Each structure stands twice: as C-alpha cells, then as structure tokens.
Amino acid sequence: MSYGPAADAGMAGFAADLWLDDGDYDWDANQQPFHGAGSVDEMLRSDGHRSLMAAGVAHFGGPLRIEVDGDRASAVNYSLIMRREDRRYYLWRVSAVRWDLERSESAWRVRRRVNRLLDETGAGSELFGTALKDLFPEGPT
Amino acid sequence: MSYGPAADAGMAGFAADLWLDDGDYDWDANQQPFHGAGSVDEMLRSDGHRSLMAAGVAHFGGPLRIEVDGDRASAVNYSLIMRREDRRYYLWRVSAVRWDLERSESAWRVRRRVNRLLDETGAGSELFGTALKDLFPEGPT
Amino acid sequence: MSYGPAADAGMAGFAADLWLDDGDYDWDANQQPFHGAGSVDEMLRSDGHRSLMAAGVAHFGGPLRIEVDGDRASAVNYSLIMRREDRRYYLWRVSAVRWDLERSESAWRVRRRVNRLLDETGAGSELFGTALKDLFPEGPT
C-alpha cells in the first residue's frame, strides 16, 4: 500500500526498497521483467515516469486478498493507473496483480510482482485464474 | 476480496462458493434478486458475463467497513465495474454495496449481497444510509 | 472507511462525528481549511454537496497504509470522487490524502485530514512525499 504513494511522489529509492534485492517486477508494458530492486528504482527515475508525474498520475492499488504461510505470503489485487486530462482523470491501465512476498528480518519484501492488463488478450483474466487456483486449491476459505 | 478476481477470471464455481447455498445476490441490473449460490454461478457463465470478459473488464471491490458480531458480520463498500474501450477503461457501474455474512464451519459465506447504483435515482445513497444506521445505531465507532 | 458512504448518503452528522470537535479538514477545493467537526457537517449540508448527490456521486476512499503509535495514528490513501454522466461515471477528483487520528475513549477520531489533487501542480505528489518521509523516516517497514 506504500508503493503507489511512493511512486507518485517520485520516491524511487523508497519504492525500490519494498523489493528484495533480487526480486522481480514482471510488468506487461515492458518487453521483459525487471529483475532486481535496482531496476524498479531506475524505472521510477526514468523520463517516462517523470512525465506521467508532471501531468498528474495516480498508481492506485486496491485492497489485497492475502494468504500468509509463515514467512511467505501471496496476494492478489487490482492496480489502476489514472492520468489527469482536461481537468478530469482517465483510467489508463487496469491490471490484475499477483504479489509474492517474503519476510526478511522484521519486514515484508516483494519477491515478485506480476501485472497484466484486464484487456481483450485475456492476460489479466488468466493471471487471476492461475493465482486463485494456486492460493486456494480447495476453493474459497 | 476474492469475488472480483474470480468473476474476472471466469471462475464461476469459485465465486458462487463464496455464497451460502441459499444466499442472495440482490443486484439492481436484474429484475429480481438472485437466490442461491447456483444463480451466481449461472450469471457468471452467461453470455453477458462472457462478453464483458472478452472485451476486458474489472469487477473491483473497494475496502470494506466491517462490523463483526460473533458468527455474523455486515459490511459496506463500493463496487466499481470498469470496461475496456479505445485503449482506455471507463467506469460503467459505481455501486453502493452491503454485505451480510455468516461463519459456517471455519469459513465466512455471503448470506446476502445488495448492490445499488450511486445514480440520480438515489438508490445507492439510500442503501448506504440504511446500512450505516443499521450497523452503527449510535454513530461512528 | 465510513466517511465516503456517510457523505454519499447525506449523513452529515455521522460523517462530522468522525472528526474531533476541533479537528481539521484541509481540502484544496476550499480557500482555507475547514476547522472543527461543525464545518464538515456544514459542507455536507451545502447546496454544492446536495447537487453532487442528486446527479450521482461516490466519495471513494482507497485502502490505507496506517502507522499506529499508541493513541495516535497516521495514514495515507487515495481519494477518488466519481460523478455520474451520460449513463457512465467519470473521475472528477483523484487526490492524495493524509490522515492524522487520535484515540478518544474507545473510538478513533480525525485530528486532521489533508487532501491534495494529483495534478500538474505537484501538490498531491508533494503531500505523499512529505507523509512517507514523516511516517517512515528509515524507509519502508
């Protein structure tokens, strides 16, 4: 829940520190997954991210459905990216997200975050389906 | 929080299993409330739901304000349905939602979910008002 | 999480009671911050708020990142105001929000809520940055 506010504040280092050093951010707007917290930091310092911020943007994360198993946890939620235009905002990206987390010392860190658009390709829908079957093999609890 | 991802993944059975067998889904897009988990399953297998999914859709549920009373609980939140169009998404339905839940063995199940649009009819506004008075008769806690 | 539903239900007194009697609501659509629960009550009884409700509106609050310190707590989240138009909804305001809360008897109340648009002025971005540095001086936890 602090990733979005950090991204929108341009706090690249803070946002990157949510990841394990060798964690992944597998994001469909990119050709291949980001590997390592450093690549998250780099993305948030890029001209692309800076120009989103300059016009007005919100990297909104919805509430999480979390399953905790000792020092590991997995969760699903929605990510919405809203951009300012003509004194309103529009929904640019609406994605299915899966988080895999690990507890390291007292803090939880991201092992892997995967985002897929809920679009006509079915990629987001498939991500949610696979994640729910994986997290809840016996159905809802 | 798993209803939306299950609906968007087309996992009709999983989503329906969140309801009690004889639970209700009272949804204003329908002439009359769905009765029974089976009718939730049927709705999510319908051509209508399938065509939403084919174009890209998100059945997003907002964070819940929950009151737990032993093996029963009630909650309110917002439901947003976003649909893909022209490489963006638009907000098709924004609803007030009330959930009534029961604990059955170790799992919570839906006794009744009621959705009403926050529109010019005032139906969503009235649902929120009635629910807050019912859940918090003495004001906010 | 009950502020939005109360605002959308026109329950001005209920929403105002979430604030401490001398709490603040510092909202950028106004020239100066509201001071006191009474001014929240007054705003929600105004013609402006009533006309939003008549057309259909949602004062949606996103999930909170909360830090609790004894009888005080601070949190950040996003606020989205969605308005009905042409059988859809549009995103009118997307704001960064900081909440400062105090526990008074058994209930949490708002000492101060600050909203700033995530727009080209950078006000929302700055609010998130200041809040995260304040809440997490040593980085994410």
# chains A, B, ... in the order shown; residues from 1 in each chain; ligands from 1
call {"tool": "interface_residues", "arguments": {"of": "chain B", "to": "chain C", "cutoff": "10 Å", "atoms": "only C-alpha atoms", "output": "ChimeraX atom specification"}}
result
/B:62-66,76-80,82,90-97,117-133,136,138-141
call {"tool": "select_by_dssp", "arguments": {"residues": "chain A", "states": "alpha helix (DSSP H)", "output": "compact mmCIF listing (two decimals) with C-alpha atoms, in the first residue's frame"}}
result
# COMPACT_ATOMS: atom_id res chain seq x y z
CA TYR A 3 4.20 1.51 -3.39
CA GLY A 4 1.67 3.75 -5.13
CA PRO A 5 2.18 6.81 -2.92
CA ALA A 6 5.97 6.39 -3.21
CA ALA A 7 5.78 6.05 -6.99
CA ASP A 8 3.53 9.12 -7.28
CA ALA A 12 12.23 5.87 -6.36
CA GLY A 13 14.54 4.57 -3.63
CA PHE A 14 11.73 4.09 -1.12
CA ALA A 15 9.60 2.23 -3.66
CA ALA A 16 12.53 0.07 -4.77
CA ALA A 37 15.21 -3.67 -6.81
CA GLY A 38 17.65 -1.53 -8.80
CA SER A 39 15.55 -1.85 -11.94
CA VAL A 40 12.45 -0.63 -10.08
CA ASP A 41 14.47 2.34 -8.89
CA GLU A 42 15.66 3.02 -12.44
CA MET A 43 12.15 2.82 -13.91
CA LEU A 44 10.85 5.35 -11.39
CA ASP A 47 11.80 10.26 -18.20
CA GLY A 48 8.67 8.21 -18.84
CA HIS A 49 7.72 8.08 -15.18
CA ARG A 50 8.69 11.72 -14.65
CA SER A 51 6.44 12.85 -17.48
CA LEU A 52 3.48 10.92 -16.04
CA MET A 53 4.09 12.69 -12.73
CA ALA A 54 4.37 16.12 -14.34
CA ALA A 55 0.89 15.84 -15.86
CA ALA A 123 -3.84 -11.88 -19.90
CA GLY A 124 -5.20 -10.29 -16.71
CA SER A 125 -8.06 -12.75 -16.50
CA GLU A 126 -5.62 -15.63 -16.84
CA LEU A 127 -3.33 -14.21 -14.16
CA PHE A 128 -6.22 -14.00 -11.67
CA GLY A 129 -7.37 -17.54 -12.54
CA THR A 130 -3.93 -19.06 -12.08
CA ALA A 131 -3.33 -17.17 -8.84
CA LEU A 132 -6.66 -18.15 -7.26
CA LYS A 133 -6.15 -21.82 -8.15
CA ASP A 134 -2.66 -21.63 -6.69
CA LEU A 135 -3.60 -19.79 -3.49
call {"tool": "residues_around", "arguments": {"residues": "Val114 (chain B)", "least_positions_apart": "4", "cutoff": "6 Å", "atoms": "only C-alpha atoms", "output": "list in words"}}
result
Asp26, Trp27, Val97 and Arg98 of chain B
call {"tool": "write_last_selection", "arguments": {"atoms": "N, CA and C atoms", "output": "CSV table (one decimal), in the first residue's frame"}}
result
chain,number,residue,atom,x,y,z
B,26,ASP,N,-28.7,-9.5,-4.5
B,26,ASP,CA,-29.8,-8.6,-4.9
B,26,ASP,C,-29.1,-7.4,-5.7
B,27,TRP,N,-29.2,-7.5,-7.0
B,27,TRP,CA,-28.5,-6.7,-7.9
B,27,TRP,C,-29.4,-5.9,-8.8
B,97,VAL,N,-22.6,-1.0,-1.9
B,97,VAL,CA,-22.8,-2.4,-1.6
B,97,VAL,C,-22.9,-2.7,-0.1
B,98,ARG,N,-23.9,-3.5,0.2
B,98,ARG,CA,-24.0,-4.1,1.6
B,98,ARG,C,-23.8,-5.6,1.6
